[in-house]
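Trainee: Compact mmCIF, N, CA and C atoms and all ligand atoms, saved as final_31.txt, coming up:
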```txt
# COMPACT_ATOMS: atom_id res chain seq x y z
N MET N 1 -7.42 19.35 -9.95
CA MET N 1 -8.50 19.49 -8.94
C MET N 1 -8.31 20.80 -8.18
N ASP N 2 -9.38 21.52 -8.00
CA ASP N 2 -9.29 22.83 -7.37
C ASP N 2 -9.46 22.70 -5.85
N CYS N 3 -8.42 22.17 -5.20
CA CYS N 3 -8.50 21.97 -3.76
C CYS N 3 -7.38 22.75 -3.09
N ILE N 4 -7.76 23.62 -2.17
CA ILE N 4 -6.78 24.52 -1.55
C ILE N 4 -5.73 23.74 -0.74
N PHE N 5 -6.14 22.67 -0.07
CA PHE N 5 -5.17 21.91 0.73
C PHE N 5 -4.25 21.08 -0.17
N CYS N 6 -4.74 20.59 -1.31
CA CYS N 6 -3.85 19.93 -2.28
C CYS N 6 -2.81 20.92 -2.78
N LYS N 7 -3.23 22.17 -2.98
CA LYS N 7 -2.27 23.19 -3.44
C LYS N 7 -1.24 23.50 -2.35
N ILE N 8 -1.67 23.49 -1.10
CA ILE N 8 -0.72 23.68 0.01
C ILE N 8 0.26 22.50 0.05
N ILE N 9 -0.25 21.29 -0.13
CA ILE N 9 0.61 20.09 -0.14
C ILE N 9 1.63 20.17 -1.29
N GLN N 10 1.17 20.63 -2.44
CA GLN N 10 2.06 20.76 -3.63
C GLN N 10 2.96 21.98 -3.55
N LYS N 11 2.78 22.79 -2.46
CA LYS N 11 3.56 24.04 -2.27
C LYS N 11 3.23 25.08 -3.35
N GLU N 12 2.05 24.97 -3.91
CA GLU N 12 1.60 26.00 -4.86
C GLU N 12 1.02 27.19 -4.11
N ILE N 13 0.55 26.93 -2.90
CA ILE N 13 0.08 27.99 -1.99
C ILE N 13 0.94 27.90 -0.74
N LYS N 14 1.36 29.07 -0.27
CA LYS N 14 2.25 29.11 0.89
C LYS N 14 1.47 28.85 2.19
N SER N 15 2.10 28.13 3.10
CA SER N 15 1.53 27.96 4.44
C SER N 15 2.70 27.80 5.40
N GLU N 16 2.41 27.99 6.66
CA GLU N 16 3.45 27.80 7.69
C GLU N 16 3.49 26.34 8.09
N ILE N 17 4.40 25.61 7.52
CA ILE N 17 4.48 24.17 7.75
C ILE N 17 5.19 23.88 9.07
N ILE N 18 4.58 23.02 9.86
CA ILE N 18 5.10 22.65 11.18
C ILE N 18 5.80 21.30 11.13
N PHE N 19 5.24 20.41 10.31
CA PHE N 19 5.75 19.03 10.26
C PHE N 19 5.31 18.40 8.94
N GLU N 20 6.18 17.55 8.42
CA GLU N 20 5.86 16.89 7.16
C GLU N 20 6.53 15.54 7.12
N ASP N 21 5.84 14.54 6.60
CA ASP N 21 6.49 13.26 6.29
C ASP N 21 5.93 12.74 4.98
N ASP N 22 6.16 11.47 4.70
CA ASP N 22 5.74 10.95 3.39
C ASP N 22 4.23 10.96 3.19
N LEU N 23 3.46 10.82 4.27
CA LEU N 23 2.00 10.67 4.13
C LEU N 23 1.20 11.86 4.62
N THR N 24 1.80 12.72 5.44
CA THR N 24 1.01 13.77 6.09
C THR N 24 1.71 15.13 6.05
N LEU N 25 0.89 16.18 6.18
CA LEU N 25 1.41 17.54 6.29
C LEU N 25 0.65 18.26 7.40
N CYS N 26 1.40 18.96 8.25
CA CYS N 26 0.80 19.73 9.33
C CYS N 26 1.22 21.19 9.16
N PHE N 27 0.23 22.09 9.18
CA PHE N 27 0.53 23.51 8.97
C PHE N 27 -0.40 24.36 9.82
N LYS N 28 -0.02 25.64 9.99
CA LYS N 28 -0.82 26.54 10.82
C LYS N 28 -2.11 26.92 10.11
N ASP N 29 -3.21 26.97 10.87
CA ASP N 29 -4.48 27.44 10.31
C ASP N 29 -4.36 28.93 10.00
N LEU N 30 -4.95 29.33 8.88
CA LEU N 30 -4.90 30.73 8.42
C LEU N 30 -5.60 31.67 9.41
N LYS N 31 -6.67 31.19 10.03
CA LYS N 31 -7.45 32.02 10.97
C LYS N 31 -7.54 31.31 12.30
N PRO N 32 -6.47 31.37 13.09
CA PRO N 32 -6.45 30.59 14.35
C PRO N 32 -7.52 31.04 15.34
N VAL N 33 -8.14 30.06 16.00
CA VAL N 33 -9.14 30.36 17.03
C VAL N 33 -8.59 30.10 18.43
N SER N 34 -7.35 29.65 18.51
CA SER N 34 -6.69 29.45 19.81
C SER N 34 -5.19 29.66 19.56
N PRO N 35 -4.41 29.88 20.64
CA PRO N 35 -2.97 30.16 20.47
C PRO N 35 -2.27 29.10 19.62
N VAL N 36 -2.63 27.84 19.82
CA VAL N 36 -2.17 26.78 18.91
C VAL N 36 -3.37 26.35 18.07
N HIS N 37 -3.27 26.50 16.78
CA HIS N 37 -4.33 26.02 15.87
C HIS N 37 -3.66 25.52 14.60
N LEU N 38 -3.48 24.20 14.57
CA LEU N 38 -2.81 23.55 13.44
C LEU N 38 -3.81 22.69 12.69
N LEU N 39 -3.49 22.40 11.45
CA LEU N 39 -4.27 21.45 10.66
C LEU N 39 -3.32 20.35 10.22
N ILE N 40 -3.79 19.11 10.30
CA ILE N 40 -2.98 18.00 9.77
C ILE N 40 -3.81 17.26 8.74
N VAL N 41 -3.19 17.02 7.58
CA VAL N 41 -3.94 16.48 6.43
C VAL N 41 -3.19 15.31 5.81
N PRO N 42 -3.93 14.40 5.17
CA PRO N 42 -3.27 13.36 4.37
C PRO N 42 -2.76 13.98 3.07
N LYS N 43 -1.64 13.45 2.58
CA LYS N 43 -1.06 13.99 1.33
C LYS N 43 -1.70 13.41 0.08
N ILE N 44 -2.87 12.87 0.20
CA ILE N 44 -3.69 12.55 -0.98
C ILE N 44 -5.04 13.18 -0.76
N HIS N 45 -5.74 13.43 -1.85
CA HIS N 45 -7.05 14.05 -1.71
C HIS N 45 -8.09 13.04 -1.24
N ILE N 46 -8.49 13.20 0.02
CA ILE N 46 -9.62 12.44 0.58
C ILE N 46 -10.59 13.53 1.02
N THR N 47 -11.81 13.48 0.53
CA THR N 47 -12.74 14.59 0.78
C THR N 47 -13.12 14.70 2.24
N SER N 48 -13.44 13.58 2.86
CA SER N 48 -13.87 13.61 4.26
C SER N 48 -13.75 12.21 4.84
N LEU N 49 -14.08 12.08 6.11
CA LEU N 49 -14.03 10.76 6.76
C LEU N 49 -14.96 9.76 6.07
N PHE N 50 -16.01 10.28 5.40
CA PHE N 50 -16.91 9.38 4.68
C PHE N 50 -16.17 8.56 3.62
N GLU N 51 -15.03 9.05 3.17
CA GLU N 51 -14.26 8.37 2.10
C GLU N 51 -13.15 7.47 2.63
N VAL N 52 -13.00 7.41 3.95
CA VAL N 52 -11.92 6.59 4.50
C VAL N 52 -12.32 5.11 4.48
N ASP N 53 -11.42 4.30 3.98
CA ASP N 53 -11.66 2.85 3.96
C ASP N 53 -10.31 2.12 4.11
N LYS N 54 -10.32 0.82 3.93
CA LYS N 54 -9.09 0.04 4.20
C LYS N 54 -7.95 0.38 3.22
N ASN N 55 -8.29 0.99 2.09
CA ASN N 55 -7.25 1.35 1.11
C ASN N 55 -6.48 2.61 1.47
N ASN N 56 -7.09 3.49 2.26
CA ASN N 56 -6.39 4.76 2.59
C ASN N 56 -6.25 4.99 4.10
N SER N 57 -6.69 4.05 4.92
CA SER N 57 -6.70 4.28 6.36
C SER N 57 -5.28 4.37 6.95
N HIS N 58 -4.25 3.95 6.19
CA HIS N 58 -2.88 4.12 6.70
C HIS N 58 -2.51 5.60 6.80
N TYR N 59 -3.16 6.45 5.98
CA TYR N 59 -2.93 7.90 6.11
C TYR N 59 -3.48 8.41 7.45
N ILE N 60 -4.63 7.88 7.83
CA ILE N 60 -5.27 8.32 9.09
C ILE N 60 -4.44 7.81 10.27
N SER N 61 -3.99 6.60 10.14
CA SER N 61 -3.14 6.03 11.18
C SER N 61 -1.89 6.89 11.38
N LYS N 62 -1.27 7.31 10.28
CA LYS N 62 -0.06 8.14 10.36
C LYS N 62 -0.38 9.50 10.96
N ILE N 63 -1.53 10.05 10.62
CA ILE N 63 -1.94 11.34 11.20
C ILE N 63 -1.99 11.21 12.72
N PHE N 64 -2.63 10.13 13.21
CA PHE N 64 -2.78 10.00 14.67
C PHE N 64 -1.50 9.54 15.35
N GLU N 65 -0.58 8.98 14.60
CA GLU N 65 0.75 8.70 15.13
C GLU N 65 1.51 10.03 15.29
N ASN N 66 1.30 10.96 14.36
CA ASN N 66 2.05 12.22 14.38
C ASN N 66 1.48 13.27 15.33
N ILE N 67 0.17 13.24 15.56
CA ILE N 67 -0.44 14.29 16.40
C ILE N 67 0.24 14.43 17.77
N PRO N 68 0.43 13.36 18.53
CA PRO N 68 1.09 13.53 19.82
C PRO N 68 2.54 14.01 19.69
N LYS N 69 3.25 13.54 18.68
CA LYS N 69 4.64 14.00 18.48
C LYS N 69 4.68 15.50 18.27
N ILE N 70 3.72 16.01 17.46
CA ILE N 70 3.68 17.43 17.14
C ILE N 70 3.22 18.24 18.35
N SER N 71 2.25 17.72 19.10
CA SER N 71 1.57 18.51 20.14
C SER N 71 2.24 18.46 21.51
N MET N 72 3.01 17.43 21.74
CA MET N 72 3.59 17.18 23.06
C MET N 72 4.25 18.43 23.66
N ASP N 73 5.13 19.06 22.90
CA ASP N 73 5.91 20.17 23.43
C ASP N 73 5.15 21.49 23.42
N ILE N 74 4.32 21.71 22.39
CA ILE N 74 3.65 23.02 22.25
C ILE N 74 2.33 23.08 23.01
N CYS N 75 1.77 21.93 23.40
CA CYS N 75 0.51 21.90 24.14
C CYS N 75 0.67 20.96 25.33
N GLU N 76 1.61 21.29 26.19
CA GLU N 76 1.94 20.34 27.26
C GLU N 76 0.80 20.14 28.26
N ASN N 77 -0.16 21.12 28.33
CA ASN N 77 -1.30 20.96 29.24
C ASN N 77 -2.50 20.29 28.59
N GLY N 78 -2.35 19.91 27.34
CA GLY N 78 -3.45 19.23 26.65
C GLY N 78 -3.83 19.94 25.36
N PHE N 79 -4.60 19.26 24.57
CA PHE N 79 -5.03 19.81 23.28
C PHE N 79 -6.29 19.07 22.84
N ARG N 80 -6.95 19.63 21.84
CA ARG N 80 -8.16 19.00 21.31
C ARG N 80 -7.96 18.73 19.82
N VAL N 81 -8.43 17.57 19.37
CA VAL N 81 -8.42 17.23 17.95
C VAL N 81 -9.86 17.30 17.46
N VAL N 82 -10.08 18.07 16.39
CA VAL N 82 -11.44 18.27 15.87
C VAL N 82 -11.47 17.91 14.39
N ASN N 83 -12.48 17.16 14.03
CA ASN N 83 -12.73 16.92 12.60
C ASN N 83 -14.18 17.32 12.30
N ASN N 84 -14.33 18.33 11.44
CA ASN N 84 -15.65 18.71 10.98
C ASN N 84 -15.93 17.89 9.73
N ASN N 85 -16.86 16.96 9.85
CA ASN N 85 -17.09 16.00 8.77
C ASN N 85 -18.45 16.24 8.11
N GLY N 86 -18.41 16.84 6.93
CA GLY N 86 -19.65 17.02 6.17
C GLY N 86 -20.41 18.29 6.52
N GLU N 87 -21.53 18.42 5.84
CA GLU N 87 -22.32 19.66 5.86
C GLU N 87 -22.84 20.02 7.25
N ASP N 88 -23.42 19.06 7.96
CA ASP N 88 -23.98 19.36 9.28
C ASP N 88 -22.91 19.80 10.27
N ALA N 89 -21.68 19.35 10.06
CA ALA N 89 -20.58 19.71 10.96
C ALA N 89 -19.88 20.99 10.50
N LEU N 90 -20.38 21.59 9.42
CA LEU N 90 -19.83 22.83 8.85
C LEU N 90 -18.41 22.66 8.32
N GLN N 91 -18.15 21.51 7.71
CA GLN N 91 -16.86 21.34 7.03
C GLN N 91 -16.79 22.35 5.88
N SER N 92 -15.76 23.18 5.88
CA SER N 92 -15.68 24.24 4.86
C SER N 92 -14.63 23.96 3.79
N VAL N 93 -13.64 23.13 4.09
CA VAL N 93 -12.64 22.74 3.08
C VAL N 93 -12.79 21.23 2.84
N GLU N 94 -13.05 20.88 1.60
CA GLU N 94 -13.37 19.49 1.29
C GLU N 94 -12.13 18.66 0.98
N HIS N 95 -11.19 18.73 1.90
CA HIS N 95 -10.02 17.84 1.92
C HIS N 95 -9.88 17.46 3.39
N LEU N 96 -9.98 16.18 3.68
CA LEU N 96 -9.98 15.72 5.07
C LEU N 96 -8.88 16.38 5.90
N HIS N 97 -9.25 16.93 7.04
CA HIS N 97 -8.26 17.59 7.91
C HIS N 97 -8.70 17.47 9.35
N PHE N 98 -7.70 17.46 10.22
CA PHE N 98 -7.95 17.43 11.66
C PHE N 98 -7.35 18.69 12.25
N HIS N 99 -8.18 19.42 13.02
CA HIS N 99 -7.69 20.60 13.72
C HIS N 99 -7.00 20.14 15.01
N ILE N 100 -5.88 20.76 15.33
CA ILE N 100 -5.23 20.57 16.65
C ILE N 100 -5.32 21.92 17.34
N LEU N 101 -6.08 21.94 18.43
CA LEU N 101 -6.35 23.21 19.13
C LEU N 101 -5.78 23.15 20.54
N GLY N 102 -5.13 24.21 20.95
CA GLY N 102 -4.59 24.24 22.31
C GLY N 102 -3.96 25.58 22.64
N GLY N 103 -3.21 25.58 23.74
CA GLY N 103 -2.55 26.79 24.18
C GLY N 103 -3.41 27.64 25.09
N ARG N 104 -4.62 27.21 25.35
CA ARG N 104 -5.50 27.87 26.34
C ARG N 104 -6.55 26.85 26.78
N GLN N 105 -7.29 27.19 27.85
CA GLN N 105 -8.40 26.34 28.29
C GLN N 105 -9.50 26.45 27.24
N LEU N 106 -9.95 25.33 26.73
CA LEU N 106 -10.98 25.32 25.68
C LEU N 106 -12.36 25.12 26.30
N GLY N 107 -13.39 25.61 25.62
CA GLY N 107 -14.76 25.43 26.13
C GLY N 107 -15.34 24.09 25.68
N TRP N 108 -16.38 23.66 26.38
CA TRP N 108 -17.10 22.43 26.03
C TRP N 108 -18.54 22.55 26.47
N PRO N 109 -19.55 22.13 25.72
CA PRO N 109 -19.44 21.45 24.42
C PRO N 109 -19.14 22.43 23.29
N PRO N 110 -18.66 21.91 22.16
CA PRO N 110 -18.24 22.79 21.08
C PRO N 110 -19.38 23.29 20.20
N CYS N 111 -20.63 22.78 20.40
CA CYS N 111 -21.71 23.14 19.48
C CYS N 111 -22.41 24.45 19.88
P1 LIG X 201 -13.25 23.32 8.50
O1 LIG X 201 -14.28 24.38 8.80
O2 LIG X 201 -13.41 22.78 7.10
O3 LIG X 201 -13.21 22.24 9.53
O4 LIG X 201 -11.85 24.03 8.61
C1 LIG X 201 -11.14 24.58 7.55
C2 LIG X 201 -10.02 25.38 8.14
O5 LIG X 201 -9.11 25.68 7.10
C3 LIG X 201 -10.46 26.72 8.76
O6 LIG X 201 -10.09 26.76 10.13
C4 LIG X 201 -9.73 27.76 7.92
O7 LIG X 201 -9.28 28.85 8.67
C5 LIG X 201 -8.58 26.96 7.33
N1 LIG X 201 -8.14 27.44 6.04
C6 LIG X 201 -8.91 27.74 4.95
N2 LIG X 201 -8.15 28.13 3.92
C7 LIG X 201 -6.86 28.08 4.36
C8 LIG X 201 -5.60 28.38 3.72
O8 LIG X 201 -5.53 28.77 2.56
N3 LIG X 201 -4.50 28.21 4.48
C9 LIG X 201 -4.55 27.77 5.77
N4 LIG X 201 -3.38 27.66 6.42
N5 LIG X 201 -5.70 27.49 6.39
C10 LIG X 201 -6.85 27.64 5.69
ZN ZN X 202 -7.30 18.08 -1.73
```
Take the structure from the file and write it as structure tokens.
Mentor:
Amino acid sequence: MDCIFCKIIQKEIKSEIIFEDDLTLCFKDLKPVSPVHLLIVPKIHITSLFEVDKNNSHYISKIFENIPKISMDICENGFRVVNNNGEDALQSVEHLHFHILGGRQLGWPPC
């Protein structure tokens, strides 16, 4: 499968890995939009949240268990978790991922 994040998970493409466990991988975004801009992904190919169901939701649970552990020290004043899901949300990589953004005051609304 020609998926860039699967290749990052398989270490076929280099990335700056921040955290890894059996189910998830967290790495730096290639084009950061804030001082902290990480991506956390499931280690199986799930295209988007539209594909999440009871068979794979343990990956999502692990992602949200890991986000505070990863962000606590590097974003002590807070952070934002973003998921661009599907075409209208401008999802550009079709492997489910959550952005962790922080390190500065963020704007709102994001649209
Ligand atoms: P999306 O727009 O799908 O929510 O976000 C995709 C993100 O993946 C973008 O922020 C983009 O910079 C990042 N990205 C795309 N290709 C690569 C890559 O090869 N390596 C890394 N580290 N990030 C990537
Ligand atoms: Zn993939």
Trainee: Rank N:Thr47, N:Ser61, N:Thr24, N:Asn56 by their smallest atom-to-atom distance to His97 of chain N, using all atoms listed in the file, and report the top residue only.
Mentor: N:Thr47
Trainee: With all atoms listed in the file as the atoms that count, which of N:Leu23, N:Gly78, N:Ile18, N:Asp53 lies nearest to Val41 of chain N?
Mentor: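 Going through N:Leu23, N:Gly78, N:Ile18, N:Asp53 one by one, the smallest distance to Val41 of chain N is for N:Leu23.
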Trainee: Within 8 Å of ligand ZN 202 (chain X), counting only C-alpha atoms and all ligand atoms, which protein or nucleic acid residues do you find, written as an MDAnalysis selection string?
Mentor: chainID N and resid 1:7 44:47 94:96
Trainee: Pull the closest atom pair for each residue of chain N that gets at most 10 Å from ligand LIG 201 (chain X), along with the distance in Å to one decimal, counting only C-alpha atoms and all ligand atoms, ordering rows by chain and then ascending residue number, as a Markdown table.
Mentor:
```
| residue | atom | partner | partner_atom | distance |
| --- | --- | --- | --- | --- |
| N:Cys3 | CA | X:LIG201 | O8 | 9.7 |
| N:Ile4 | CA | X:LIG201 | O8 | 6.0 |
| N:Phe5 | CA | X:LIG201 | O8 | 7.1 |
| N:Lys7 | CA | X:LIG201 | O8 | 8.8 |
| N:Ile8 | CA | X:LIG201 | N3 | 7.4 |
| N:Ile13 | CA | X:LIG201 | O8 | 7.3 |
| N:Lys14 | CA | X:LIG201 | N3 | 7.7 |
| N:Ser15 | CA | X:LIG201 | N4 | 5.3 |
| N:Glu16 | CA | X:LIG201 | N4 | 6.9 |
| N:Ile17 | CA | X:LIG201 | N4 | 8.7 |
| N:Cys26 | CA | X:LIG201 | N4 | 9.4 |
| N:Phe27 | CA | X:LIG201 | N4 | 6.2 |
| N:Lys28 | CA | X:LIG201 | N4 | 5.2 |
| N:Asp29 | CA | X:LIG201 | N4 | 4.0 |
| N:Leu30 | CA | X:LIG201 | N5 | 3.9 |
| N:Lys31 | CA | X:LIG201 | O7 | 4.3 |
| N:Pro32 | CA | X:LIG201 | O7 | 6.6 |
| N:Val33 | CA | X:LIG201 | O6 | 7.8 |
| N:His37 | CA | X:LIG201 | O6 | 8.2 |
| N:Leu38 | CA | X:LIG201 | N4 | 8.2 |
| N:Leu39 | CA | X:LIG201 | O5 | 7.3 |
| N:Ser48 | CA | X:LIG201 | O2 | 9.6 |
| N:Val82 | CA | X:LIG201 | O3 | 7.7 |
| N:Asn83 | CA | X:LIG201 | O3 | 6.2 |
| N:Asn84 | CA | X:LIG201 | O3 | 4.5 |
| N:Asn85 | CA | X:LIG201 | O3 | 7.4 |
| N:Gly86 | CA | X:LIG201 | O2 | 8.5 |
| N:Glu87 | CA | X:LIG201 | O2 | 9.5 |
| N:Ala89 | CA | X:LIG201 | O3 | 7.9 |
| N:Leu90 | CA | X:LIG201 | O1 | 5.8 |
| N:Gln91 | CA | X:LIG201 | O2 | 3.7 |
| N:Ser92 | CA | X:LIG201 | O2 | 3.5 |
| N:Val93 | CA | X:LIG201 | O2 | 4.1 |
| N:Glu94 | CA | X:LIG201 | O2 | 6.7 |
| N:His95 | CA | X:LIG201 | O2 | 7.9 |
| N:Leu96 | CA | X:LIG201 | O2 | 8.1 |
| N:His97 | CA | X:LIG201 | O3 | 7.0 |
| N:Phe98 | CA | X:LIG201 | O3 | 7.4 |
| N:His99 | CA | X:LIG201 | O3 | 7.1 |
```
Trainee: For Tyr59 of chain N, which residue out of N:Lys11, N:Lys43, N:Arg104, N:Arg80 is the nearest one, using only C-alpha atoms?
Mentor: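 Closest candidate: N:Lys43.
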Trainee: Output as a list in words all residues of chain N that backbone DSSP marks as strand (DSSP E).
Mentor: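 For chain N, the strand (DSSP E) set is Ile17, Ile18, Phe19, Glu20, Thr24, Leu25, Cys26, Phe27, Lys28, Val36, His37, Leu38, Leu39, Ile40, Val41, Pro42, Phe79, Arg80, Val81, Val82, Phe98, His99, Ile100, Leu101 and Gly102 of chain N.
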